[in-house]
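Student: Here it is, the structure, as structure tokens.
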Amino acid sequence: KAFDGDDKMVAPGVLSALANCYANKGDLSAAASKFIEAAKAADNNTVSPYCLLQAGLIYEKEGNKAEALKVYTEIKEKYFASMQAMEIDKYINRVK
């Protein structure tokens with residue numbers, strides 16, 4: 001939690017790791033929030049869509065289909081060249 005960095009590689013990785021810690025502890029809201037933060041910090045076609053997908057899956061687990069749809073749509077529109085975008089339609093359809 002005390003890590004302070006703003007680069008495009010290490011900082012998103014730390015945030016993503018923290019998100020996984022929250023998820024493993026059962027604090028899904030904090031986990032989703034950290035995954036979103038990591039996606040924004042990275043803002044690239046590799047890390048961001050991965051983090052957004054993880055956040056979407058957590059939102060689904062919480063029953064928050066609207067937020068899941070929001071992050072899935074962001075993957076489709078902003079990170080369309082990513083690996084996650086290739087299969088994002090199935091996630092979008094599932095929460096609609």
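Ordering of the structure tokens sets the chain letters (A, B, ...), residue numbers begin anew at 1 in every chain, and ligands are numbered from 1 in the order given.
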Which residues are close to A:Tyr91, i.e. within 9 Å by only C-alpha atoms, leaving aside same-chain residues fewer than 3 positions away? Reply as a VMD selection string.
Tutor: chain A and resid 56 to 57 68 to 69 72 87 to 88 94 to 96
Student: With a distance cut-off of 8 Å and only C-alpha atoms, select the neighbouring residues of A:Tyr79, excluding the residue or stretch itself and same-chain residues fewer than 4 positions from it, and output the selection as a ChimeraX atom specification.
Tutor: /A:44-45,48-49,74-75,85
Student: So, counting only C-alpha atoms, which residue among A:Thr73, A:Ile58, A:Glu67, A:Gly13 is closest to A:Thr46?
Tutor: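 Selected residue with least distance to A:Thr46: A:Gly13.
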Student: Among chain A, which ones does DSSP assign to alpha helix (DSSP H) (computed from the backbone)? Answer as a PyMOL selection string.
Tutor: chain A and resi 10-25+28-42+47-62+65-78+88-95
Student: Out of A:Ile92, A:Ala23, A:Val14, A:Met86, which residue has the shortest atom-to-atom distance to A:Val47 when counting only C-alpha atoms?
Tutor: A:Val14
